[in-house]
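File shown here: run-v4.txt, holding compact mmCIF, C-alpha atoms and all ligand atoms.
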# COMPACT_ATOMS: atom_id res chain seq x y z
CA MET A 1 74.25 151.16 50.44
CA ARG A 2 73.83 151.18 46.72
CA ASP A 3 76.51 150.42 44.16
CA GLY A 4 79.17 150.60 46.87
CA GLU A 5 78.02 154.07 48.02
CA VAL A 6 76.62 154.86 51.47
CA ILE A 7 73.30 156.62 50.85
CA GLY A 8 72.14 156.86 54.48
CA GLU A 9 73.33 156.13 58.02
CA GLY A 10 71.64 155.95 61.39
CA PHE A 11 72.01 154.76 64.97
CA HIS A 12 69.71 154.37 67.97
CA ALA A 13 70.75 157.36 70.06
CA GLU A 14 68.65 156.80 73.14
CA LEU A 15 65.76 154.83 74.64
CA GLY A 16 62.58 156.18 73.05
CA ASP A 17 64.40 157.67 70.06
CA LEU A 18 64.08 156.47 66.45
CA HIS A 19 65.62 153.02 65.97
CA ALA A 20 68.72 152.85 63.75
CA GLU A 21 66.81 151.57 60.70
CA ARG A 22 64.28 154.43 60.71
CA ALA A 23 67.06 156.94 61.46
CA ALA A 24 69.07 155.62 58.46
CA LEU A 25 66.02 155.76 56.17
CA ALA A 26 65.31 159.36 57.29
CA ASP A 27 68.97 160.26 56.69
CA CYS A 28 68.81 158.66 53.22
CA ARG A 29 65.70 160.62 52.25
CA GLY A 30 67.22 163.75 53.79
CA ARG A 31 70.11 163.36 51.33
CA GLY A 32 67.58 163.24 48.48
CA GLU A 33 68.15 159.50 47.88
CA ASP A 34 65.48 156.84 47.37
CA PRO A 35 66.22 153.73 49.51
CA ALA A 36 64.20 151.41 47.22
CA GLY A 37 66.28 148.45 46.07
CA ALA A 38 69.26 149.36 48.31
CA THR A 39 71.04 147.04 50.78
CA MET A 40 70.72 147.83 54.47
CA TYR A 41 73.46 146.71 56.92
CA VAL A 42 72.31 146.48 60.54
CA THR A 43 74.23 145.42 63.67
CA LEU A 44 71.08 143.99 65.30
CA GLU A 45 68.11 142.22 63.70
CA PRO A 46 65.29 144.68 62.87
CA CYS A 47 62.47 144.59 65.42
CA ALA A 48 58.95 143.45 64.57
CA HIS A 49 57.04 144.70 67.61
CA GLN A 50 55.45 148.00 68.53
CA GLY A 51 57.34 149.41 71.51
CA ARG A 52 58.28 153.03 72.16
CA GLN A 53 58.83 153.10 68.39
CA PRO A 54 56.93 151.38 65.55
CA PRO A 55 58.41 148.15 64.12
CA CYS A 56 61.51 148.56 61.95
CA ALA A 57 60.64 145.58 59.72
CA GLU A 58 57.56 147.54 58.59
CA ALA A 59 59.64 150.64 57.72
CA ILE A 60 62.09 148.50 55.71
CA LEU A 61 59.27 146.90 53.72
CA GLU A 62 57.61 150.28 53.09
CA ALA A 63 60.93 151.71 51.88
CA GLY A 64 61.33 148.85 49.38
CA ILE A 65 64.81 147.84 50.65
CA GLY A 66 66.02 144.90 48.52
CA ARG A 67 68.48 143.19 50.87
CA VAL A 68 69.21 143.33 54.60
CA VAL A 69 72.49 142.09 56.11
CA ILE A 70 72.16 141.47 59.86
CA GLY A 71 75.17 141.53 62.21
CA SER A 72 73.57 139.82 65.21
CA ASP A 73 70.31 138.28 66.38
CA ASP A 74 68.09 139.97 68.99
CA PRO A 75 67.81 137.58 71.96
CA SER A 76 64.71 139.32 73.43
CA GLU A 77 61.68 137.08 73.66
CA LYS A 78 59.55 139.54 71.68
CA ALA A 79 62.08 139.56 68.81
CA SER A 80 64.04 136.34 68.23
CA GLY A 81 63.83 136.11 64.47
CA ARG A 82 60.36 137.60 63.92
CA GLY A 83 61.68 140.70 62.11
CA PRO A 84 63.85 138.74 59.65
CA GLY A 85 60.90 136.35 59.05
CA ILE A 86 58.59 139.26 58.20
CA LEU A 87 61.19 140.70 55.85
CA ARG A 88 61.69 137.37 54.03
CA ASP A 89 57.89 136.96 53.71
CA GLY A 90 57.81 140.47 52.22
CA GLY A 91 60.30 139.48 49.52
CA VAL A 92 63.43 141.04 51.06
CA GLU A 93 66.67 139.06 50.76
CA VAL A 94 67.92 138.51 54.33
CA GLU A 95 71.44 137.48 55.21
CA PHE A 96 73.11 137.02 58.62
CA ALA A 97 76.76 138.08 58.89
CA ALA A 98 79.26 135.47 60.02
CA GLY A 99 82.80 135.41 61.41
CA GLU A 100 84.51 138.61 62.55
CA GLU A 101 81.64 140.95 61.60
CA ALA A 102 79.14 138.85 63.55
CA THR A 103 81.41 138.79 66.62
CA ALA A 104 82.01 142.55 66.41
CA ALA A 105 78.26 143.23 66.19
CA ARG A 106 77.56 140.95 69.19
CA LEU A 107 80.28 142.59 71.29
CA LEU A 108 78.97 146.04 70.43
CA ASN A 109 75.60 145.17 71.95
CA GLN A 110 76.68 143.35 75.14
CA PRO A 111 74.67 145.48 77.62
CA PHE A 112 71.51 145.13 75.51
CA ARG A 113 72.07 141.39 74.97
CA LYS A 114 72.73 140.60 78.64
CA HIS A 115 69.72 142.63 79.76
CA ALA A 116 67.51 140.96 77.12
CA ARG A 117 68.62 137.48 78.18
CA THR A 118 68.86 137.84 81.96
CA GLY A 119 67.12 141.08 82.96
CA LEU A 120 70.42 142.16 84.57
CA PRO A 121 72.86 144.94 83.68
CA LEU A 122 76.26 144.17 82.19
CA VAL A 123 78.88 144.81 84.89
CA THR A 124 82.25 146.26 83.87
CA LEU A 125 84.89 146.57 86.59
CA LYS A 126 87.40 149.39 86.28
CA LEU A 127 90.52 149.42 88.44
CA ALA A 128 93.80 151.30 88.31
CA MET A 129 96.91 149.95 89.97
CA SER A 130 100.55 150.79 90.46
CA LEU A 131 103.43 148.57 89.36
CA ASP A 132 103.57 147.17 92.91
CA GLY A 133 99.90 146.22 92.82
CA GLN A 134 98.49 149.07 94.94
CA THR A 135 95.01 150.39 94.17
CA ALA A 136 94.88 153.15 96.81
CA THR A 137 97.07 156.20 97.27
CA ALA A 138 98.27 157.79 100.50
CA ALA A 139 96.08 160.08 102.58
CA GLY A 140 96.32 163.62 101.20
CA ASP A 141 97.50 162.38 97.78
CA SER A 142 95.37 162.49 94.61
CA PRO A 143 93.09 159.44 94.41
CA TRP A 144 94.00 159.04 90.70
CA ILE A 145 96.67 156.46 89.96
CA SER A 146 96.34 156.48 86.17
CA GLY A 147 97.39 159.36 83.90
CA PRO A 148 95.26 162.08 82.25
CA GLU A 149 94.58 160.12 79.05
CA SER A 150 93.28 157.17 81.07
CA GLN A 151 91.18 159.50 83.21
CA ALA A 152 89.63 161.01 80.09
CA LEU A 153 88.76 157.50 78.92
CA VAL A 154 87.14 156.71 82.29
CA HIS A 155 84.96 159.80 81.93
CA ARG A 156 83.89 158.62 78.47
CA TRP A 157 83.06 155.16 79.81
CA ARG A 158 81.00 156.78 82.58
CA ALA A 159 79.04 158.69 79.97
CA GLU A 160 78.43 155.43 78.07
CA SER A 161 77.09 153.66 81.19
CA ASP A 162 73.59 153.71 82.63
CA ALA A 163 74.96 153.59 86.19
CA ILE A 164 78.29 153.88 88.06
CA ALA A 165 78.87 152.12 91.38
CA VAL A 166 81.43 152.39 94.17
CA GLY A 167 81.74 150.91 97.65
CA ILE A 168 81.37 153.13 100.69
CA GLY A 169 85.11 152.67 101.32
CA ALA A 170 85.89 154.53 98.08
CA ALA A 171 83.15 157.10 98.72
CA LEU A 172 84.55 157.91 102.19
CA ALA A 173 88.21 157.92 101.13
CA ASP A 174 87.90 159.88 97.89
CA ASP A 175 84.66 161.89 98.23
CA PRO A 176 84.16 161.41 94.46
CA LEU A 177 81.68 163.21 92.19
CA LEU A 178 81.25 160.20 89.88
CA THR A 179 79.91 162.34 87.06
CA ALA A 180 80.98 162.06 83.44
CA ARG A 181 82.99 165.19 82.66
CA PRO A 182 84.32 165.91 79.18
CA ASN A 183 87.19 167.78 80.84
CA PRO A 184 88.05 165.73 83.96
CA SER A 185 90.07 168.59 85.42
CA GLY A 186 86.83 170.20 86.45
CA ALA A 187 84.75 171.52 83.54
CA PRO A 188 81.19 172.14 84.65
CA PHE A 189 78.66 169.49 83.73
CA ALA A 190 75.08 169.90 82.65
CA PRO A 191 72.39 169.28 85.28
CA VAL A 192 70.05 166.37 84.74
CA GLY A 193 67.06 165.01 86.61
CA ASP A 194 67.31 161.40 85.50
CA ILE A 195 69.39 159.03 83.37
CA LYS A 196 69.35 161.27 80.34
CA ARG A 197 71.48 162.57 77.53
CA THR A 198 72.23 166.22 78.31
CA GLY A 199 73.94 168.18 75.61
CA THR A 200 77.09 166.23 74.89
CA THR A 201 77.44 164.48 78.24
CA ARG A 202 75.17 161.70 79.39
CA GLN A 203 75.05 161.45 83.17
CA PRO A 204 74.68 157.98 84.69
CA LEU A 205 72.92 157.11 87.92
CA ARG A 206 75.49 157.23 90.74
CA VAL A 207 75.30 154.25 93.10
CA VAL A 208 77.02 153.63 96.45
CA PHE A 209 76.98 150.16 98.06
CA ASP A 210 76.72 151.23 101.69
CA ARG A 211 75.12 148.63 103.97
CA GLN A 212 75.25 150.85 107.05
CA ALA A 213 74.09 154.07 105.30
CA ARG A 214 77.36 155.80 106.21
CA LEU A 215 77.46 158.15 103.20
CA PRO A 216 77.97 161.65 104.70
CA LEU A 217 75.29 164.23 103.98
CA ASP A 218 78.02 166.76 103.15
CA SER A 219 79.72 164.43 100.62
CA GLN A 220 80.13 165.70 97.07
CA LEU A 221 77.69 163.02 95.92
CA VAL A 222 74.88 164.31 98.14
CA ARG A 223 75.72 167.96 97.48
CA THR A 224 75.40 167.50 93.70
CA LEU A 225 72.00 165.80 93.56
CA ASP A 226 70.71 168.62 91.37
CA HIS A 227 73.24 167.55 88.72
CA SER A 228 72.53 163.81 88.67
CA PRO A 229 70.78 161.35 91.00
CA VAL A 230 72.41 159.19 93.67
CA LEU A 231 71.15 155.83 94.86
CA VAL A 232 72.51 154.21 98.03
CA VAL A 233 72.15 150.45 98.49
CA VAL A 234 71.73 149.77 102.21
CA GLY A 235 71.19 146.62 104.25
CA GLN A 236 67.98 145.77 106.12
CA ASP A 237 69.64 146.61 109.42
CA ALA A 238 71.01 150.01 108.37
CA ASP A 239 70.42 152.71 110.98
CA SER A 240 66.94 154.11 110.26
CA ALA A 241 67.85 157.67 111.28
CA ARG A 242 70.78 157.73 108.82
CA THR A 243 68.65 156.17 106.10
CA ALA A 244 65.90 158.74 106.69
CA ALA A 245 68.43 161.60 106.62
CA LEU A 246 69.74 160.40 103.25
CA ARG A 247 66.19 160.15 101.90
CA ASP A 248 65.35 163.64 103.22
CA ALA A 249 68.42 164.98 101.45
CA GLY A 250 67.05 163.58 98.15
CA VAL A 251 69.14 160.43 97.91
CA GLU A 252 67.26 157.35 96.76
CA VAL A 253 67.69 154.47 99.20
CA LEU A 254 67.39 150.89 97.97
CA VAL A 255 67.22 148.21 100.65
CA ALA A 256 68.99 145.10 99.37
CA ASP A 257 71.21 142.85 101.44
CA ARG A 258 72.53 141.02 98.42
CA ILE A 259 74.36 142.36 95.39
CA ASP A 260 72.29 140.16 93.08
CA ALA A 261 69.03 141.62 94.48
CA ALA A 262 70.35 145.14 93.79
CA LEU A 263 71.37 144.13 90.26
CA SER A 264 67.90 142.65 89.59
CA GLU A 265 66.29 145.91 90.71
CA PHE A 266 68.61 147.91 88.44
CA GLY A 267 67.65 145.61 85.56
CA ARG A 268 63.94 146.13 86.30
CA ARG A 269 64.53 149.86 85.99
CA GLY A 270 66.01 149.42 82.52
CA ILE A 271 69.64 149.88 83.59
CA THR A 272 71.57 147.77 81.09
CA SER A 273 75.16 148.70 82.05
CA LEU A 274 76.81 149.17 85.45
CA PHE A 275 80.32 150.60 85.56
CA LEU A 276 81.91 149.36 88.79
CA GLU A 277 84.68 151.72 89.88
CA GLY A 278 85.86 149.85 93.00
CA GLY A 279 87.23 149.78 95.56
CA ARG A 280 88.78 146.44 95.85
CA THR A 281 86.54 145.05 98.61
CA LEU A 282 83.34 145.67 96.65
CA ALA A 283 84.99 144.33 93.50
CA ALA A 284 85.83 141.11 95.38
CA ALA A 285 82.20 140.80 96.47
CA PHE A 286 80.97 141.21 92.88
CA LEU A 287 83.52 138.65 91.72
CA ALA A 288 82.34 136.21 94.37
CA MET A 289 78.83 136.54 92.92
CA GLY A 290 80.15 135.80 89.43
CA ALA A 291 78.73 139.22 88.58
CA ILE A 292 81.65 140.69 86.61
CA ASP A 293 81.31 140.47 82.83
CA GLU A 294 84.29 142.57 81.80
CA SER A 295 87.24 144.31 83.47
CA ARG A 296 89.31 147.29 82.41
CA THR A 297 92.53 147.57 84.41
CA PHE A 298 95.04 150.37 84.09
CA ILE A 299 98.60 149.71 85.19
CA ALA A 300 100.40 152.98 85.80
CA PRO A 301 104.21 153.30 85.72
CA LEU A 302 104.65 154.20 89.38
CA LEU A 303 105.28 152.56 92.73
CA LEU A 304 103.11 153.41 95.71
CA GLY A 305 104.62 151.14 98.36
CA GLY A 306 102.69 150.14 101.45
CA CYS A 307 101.47 153.69 102.02
CA ALA A 308 98.72 154.35 104.54
CA SER A 309 95.71 154.33 102.28
CA ARG A 310 93.20 157.15 101.87
CA ALA A 311 90.71 154.70 103.36
CA GLY A 312 92.84 154.69 106.50
CA ASN A 313 94.04 151.11 106.15
CA ALA A 314 97.17 150.19 104.24
CA ASP A 315 96.07 146.63 103.63
CA SER A 316 92.78 147.64 102.02
CA SER A 317 94.62 148.67 98.86
CA ARG A 318 95.94 145.20 98.23
CA ALA A 319 94.17 141.97 97.44
CA GLY A 320 93.18 140.38 100.73
CA GLY A 321 93.00 143.72 102.57
CA ALA A 322 90.33 144.93 104.96
CA VAL A 323 88.18 148.03 105.20
CA GLY A 324 85.44 148.99 107.61
CA GLY A 325 85.46 145.49 109.08
CA THR A 326 84.94 143.81 105.70
CA THR A 327 87.78 141.79 104.20
CA PRO A 328 87.57 140.46 100.66
CA GLU A 329 87.27 137.03 102.33
CA GLU A 330 84.26 138.28 104.31
CA ALA A 331 82.92 139.85 101.15
CA LEU A 332 83.19 136.43 99.51
CA ALA A 333 81.20 134.95 102.34
CA THR A 334 78.52 137.64 102.46
CA ALA A 335 78.13 138.55 98.80
CA GLY A 336 75.57 135.84 98.35
CA GLY A 337 73.79 136.85 101.53
CA GLY A 338 75.46 134.21 103.65
CA GLY A 339 77.43 131.04 103.22
CA SER A 340 81.19 130.65 103.03
CA PRO A 341 83.75 131.19 100.30
CA ALA A 342 83.59 127.44 99.74
CA ALA A 343 79.82 127.67 99.25
CA THR A 344 80.10 130.46 96.69
CA GLY A 345 83.02 128.73 94.98
CA PRO A 346 86.45 130.09 94.22
CA ALA A 347 86.53 133.71 93.05
CA ARG A 348 89.24 132.98 90.43
CA GLN A 349 87.94 133.66 86.95
CA VAL A 350 89.93 133.31 83.77
CA ALA A 351 89.23 135.71 80.91
CA LEU A 352 87.68 134.42 77.70
CA SER A 353 89.56 137.08 75.77
CA ARG A 354 91.82 140.00 76.54
CA ASP A 355 93.22 143.04 74.84
CA ILE A 356 96.28 145.08 75.84
CA GLU A 357 96.91 148.65 74.75
CA GLN A 358 98.88 151.70 75.80
CA ILE A 359 96.92 154.75 76.95
CA GLY A 360 99.30 157.67 77.52
CA ASP A 361 101.93 156.28 79.92
CA ASP A 362 99.59 153.56 81.24
CA ILE A 363 98.85 150.02 80.07
CA LEU A 364 95.17 149.14 79.77
CA ILE A 365 94.16 145.48 79.94
CA THR A 366 90.58 144.81 78.88
CA ALA A 367 89.37 141.32 79.74
CA ARG A 368 86.03 139.73 78.91
CA PHE A 369 84.75 137.01 81.26
CA LYS A 370 81.31 136.40 79.77
CA GLU A 371 79.80 136.89 76.38
CA TRP A 372 76.11 137.46 75.81
N1 LIG A 401 92.58 152.15 92.01
C1 LIG A 401 91.31 152.15 91.79
O1 LIG A 401 90.85 151.88 90.67
C2 LIG A 401 90.39 152.50 92.92
C3 LIG A 401 88.99 152.59 92.69
C4 LIG A 401 88.17 152.90 93.77
C5 LIG A 401 88.73 153.10 95.01
N2 LIG A 401 90.07 153.03 95.18
C6 LIG A 401 90.69 153.20 96.52
O2 LIG A 401 90.34 152.05 97.26
C7 LIG A 401 90.07 152.41 98.62
C8 LIG A 401 88.67 151.97 98.96
O3 LIG A 401 88.53 150.60 98.64
P1 LIG A 401 88.07 149.59 99.74
O4 LIG A 401 88.32 148.22 99.25
O5 LIG A 401 88.73 150.02 101.00
O6 LIG A 401 86.52 149.90 99.87
P2 LIG A 401 85.28 149.73 98.83
O7 LIG A 401 85.42 148.47 98.06
O8 LIG A 401 85.11 150.99 98.09
O9 LIG A 401 84.08 149.62 99.84
C9 LIG A 401 84.03 148.52 100.71
C10 LIG A 401 82.83 148.64 101.59
O10 LIG A 401 81.65 148.54 100.81
C11 LIG A 401 80.60 148.16 101.64
N3 LIG A 401 79.73 147.17 101.00
C12 LIG A 401 78.44 147.34 100.67
N4 LIG A 401 77.92 146.23 100.15
C13 LIG A 401 78.91 145.32 100.16
C14 LIG A 401 78.97 143.98 99.75
N5 LIG A 401 77.93 143.33 99.24
N6 LIG A 401 80.13 143.32 99.91
C15 LIG A 401 81.21 143.94 100.41
N7 LIG A 401 81.21 145.23 100.81
C16 LIG A 401 80.06 145.92 100.69
C17 LIG A 401 81.26 147.60 102.91
O11 LIG A 401 81.02 148.54 103.94
P3 LIG A 401 79.63 148.40 104.79
O12 LIG A 401 79.68 147.04 105.35
O13 LIG A 401 79.71 149.51 105.76
O14 LIG A 401 78.55 148.57 103.79
C18 LIG A 401 82.73 147.57 102.60
O15 LIG A 401 83.54 147.83 103.72
C19 LIG A 401 90.24 153.92 98.70
O16 LIG A 401 91.50 154.20 99.24
C20 LIG A 401 90.14 154.39 97.26
O17 LIG A 401 90.95 155.54 97.04
C21 LIG A 401 90.90 152.73 94.16
If you took the structure in this file and wrote it as structure tokens, what would it be?
Amino acid sequence: MRDGEVIGEGFHAELGDLHAERAALADCRGRGEDPAGATMYVTLEPCAHQGRQPPCAEAILEAGIGRVVIGSDDPSEKASGRGPGILRDGGVEVEFAAGEEATAARLLNQPFRKHARTGLPLVTLKLAMSLDGQTATAAGDSPWISGPESQALVHRWRAESDAIAVGIGAALADDPLLTARPNPSGAPFAPVGDIKRTGTTRQPLRVVFDRQARLPLDSQLVRTLDHSPVLVVVGQDADSARTAALRDAGVEVLVADRIDAALSEFGRRGITSLFLEGGRTLAAAFLAMGAIDESRTFIAPLLLGGCASRAGNADSSRAGGAVGGTTPEEALATAGGGGSPAATGPARQVALSRDIEQIGDDILITARFKEW
């Protein structure tokens, strides 16, 4: 910015791409402007280390920027104030934002911040429910409870996530694709080989928590491996023939008895955000681990009653229900790889903050349980 005018803008589009500062400087020069003496506003402190990209602090000094206003600190060990220090030593005026701007910048970067501090992905739980608290529809009915506007939002959130996860109950009942589709009613999506930005739609890694390796080889997930990858988390005692068949079909199989072990492995792979799409039993297991950072719950204006669920068990759609021999109570006990609900502590968690908005005919409640 100079004299109240924006002379360049930039953002970090993707891992390995130009960082926001260098992108903004390139944009500024591309507009025929000289950034010397201007003020740069950044949401995250400029880096000082050589990674996939050269250090941003260096580019800012070279450009002769006069003042840098920083929205939030970078909690990574390799950063933590080094960039701002280098800038100050180079004669740049450095200021950290406070109040609302600082909070907004921190919230914008939650996946990055959690991964930097813990090595784990940020977990966001999405659920849709009816006015009578049902999360599953009847056999033969559409699996969607929320309306088209909410569904479009879910597809956008998928595209913003590094990975999407469901339990095998949801995978068996709904046979979902779990891809991010700009037009949820069935527009084709671009094929990808990895977690990559493809055209306009970024496809996340699709994950199924499936201890017994029950995912059918003819499921939509397995049949669309050429579009985006699928990873199945199985237990140590999963049937070896079924595990081998999944591997032969091109599915990646991760052996992890505990949710936290799977999350650590995702973090090691650079997955910073996991979008957890249910069902309820897996959600209860994540909750028991204290692994849910944020939830996004749609309440749709309809009643579903105690209909026989698509998962073949009416009770599974309600809190306290059972599927495939696992009740949420059992999930509580096994989520940590053993122990009892008492040992893992109560699952009840109260939100730090919440936001309520109307999306089409639905109500969306966004609740944050942890802040990084
Ligand atoms: N309204 C919504 O937002 C929404 C979202 C998704 C699904 N649904 C509906 O919900 C129903 C499915 O939900 P659900 O609760 O029955 O099943 P679920 O949560 O999708 O899957 C539960 C299964 O996941 C497996 N699992 C793997 N690791 C686990 C772990 N650490 N802890 C607990 N379970 C683990 C267990 O089977 P194994 O022991 O065999 O591994 C368990 O039976 C369907 O009817 C679907 O349509 C609704």
Centre and edge lengths of an axis-aligned box around all listed atoms of range 62-65 of chain A, with 3 Å added on each side, are to be given in Å to one decimal, as JSON.
{"center_x": 61.2, "center_y": 149.8, "center_z": 51.2, "size_x": 13.2, "size_y": 9.9, "size_z": 9.7}
Worksheet entry | Within 6 Å of range 345-354 of chain A using all atoms listed in the file, minus same-chain residues under 6 positions, as an MDAnalysis selection string | chainID A and resid 287:288 366:369
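Of the listed residues (A:Thr39, A:Ser228, A:Thr272, A:Gln212), A:Thr272 comes nearest to Arg113 in chain A; the distances count all atoms listed in the file.
In this comparison, which uses all atoms listed in the file, the residue of A:Leu107, A:Ala238, A:Val232, A:Ala170 approaching Thr135 in chain A most closely is A:Ala170.
For the atom pair formed by atom N5 of ligand LIG 401 (chain A) and CA of Arg214 in chain A, the distance is 14.3 Å, given to one decimal.
Take CA of Leu120 in chain A and CA of Lys78 in chain A: the distance between them is 17.1 Å.
The nearest approach to ligand LIG 401 (chain A) among the residues A:Thr243, A:Ser80, A:Gln358, A:Ser142, with all atoms listed in the file taken into account, belongs to A:Ser142.
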Item to complete: With a distance cut-off of 12 Å and all atoms listed in the file, select the neighbouring residues of Leu153 in chain A, excluding the residue or stretch itself and same-chain residues fewer than 3 positions from it, and output the selection as JSON, numbers by chain.
Response: {"A": [126, 146, 147, 148, 149, 150, 156, 157, 158, 159, 160, 180, 181, 182, 183, 184, 296, 297, 298, 359, 360, 362, 364]}
Practice prompt. Have a look at A:Asp73, A:Asp218, A:Asp355, A:Glu33 and name the one nearest to Phe112 in chain A; count all atoms listed in the file.
Written response: A:Asp73
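Distances from A:Asp141, A:Asp226, A:Glu265, A:Glu77 to ligand LIG 401 (chain A) were compared using all atoms listed in the file, and the smallest one belongs to A:Asp141.
One finds CA of Val166 in chain A at 9.3 Å from atom N4 of ligand LIG 401 (chain A).
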Practice prompt. Identify which of the residues A:Gly133, A:Pro121, A:Pro204, A:Gly290 lies closest to ligand LIG 401 (chain A), counting all atoms listed in the file when measuring atom-to-atom distances.
Written response: A:Gly133
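Within the 10 Å cut-off around range 22-26 of chain A, using only C-alpha atoms and omitting residues fewer than 4 positions from it on the same chain, the listed residues are Ile7, Gly8, Glu9, Gly10, Phe11, His12, Ala13, Asp17, Leu18, Gly30, Arg31, Gly32, Glu33, Asp34, Pro35, Met40, Val42, Gln53, Pro54, Pro55, Cys56, Ala57, Glu58, Ala59, Ile60, Ala63 and Ile65 of chain A.
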Hey, what's within 7 Å of Ala97 in chain A if we count all atoms listed in the file and toss same-chain stuff fewer than 3 positions away? As a PDB file with C-alpha atoms, in the frame of the given file, please?
ATOM      1  CA  VAL A  69      72.490 142.090  56.110  1.00  0.00           C
ATOM      2  CA  ILE A  70      72.160 141.470  59.860  1.00  0.00           C
ATOM      3  CA  GLY A  71      75.170 141.530  62.210  1.00  0.00           C
ATOM      4  CA  GLU A 101      81.640 140.950  61.600  1.00  0.00           C
ATOM      5  CA  ALA A 102      79.140 138.850  63.550  1.00  0.00           C
TER       6      ALA A 102
END
Quick one: everything within 8 Å of Asp175 in chain A, counting only C-alpha atoms, minus sequence neighbours fewer than 2 positions away in the same chain. Send it as an mmCIF file with C-alpha atoms, in the coordinates of the input.
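And here is the file that came out, result-v2.cif:
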data_model
loop_
_atom_site.group_PDB
_atom_site.id
_atom_site.type_symbol
_atom_site.label_atom_id
_atom_site.label_comp_id
_atom_site.auth_asym_id
_atom_site.auth_seq_id
_atom_site.Cartn_x
_atom_site.Cartn_y
_atom_site.Cartn_z
ATOM 1 C CA ALA A 170 85.890 154.530 98.080
ATOM 2 C CA ALA A 171 83.150 157.100 98.720
ATOM 3 C CA LEU A 172 84.550 157.910 102.190
ATOM 4 C CA ALA A 173 88.210 157.920 101.130
ATOM 5 C CA LEU A 177 81.680 163.210 92.190
ATOM 6 C CA SER A 219 79.720 164.430 100.620
ATOM 7 C CA GLN A 220 80.130 165.700 97.070
ATOM 8 C CA LEU A 221 77.690 163.020 95.920
#
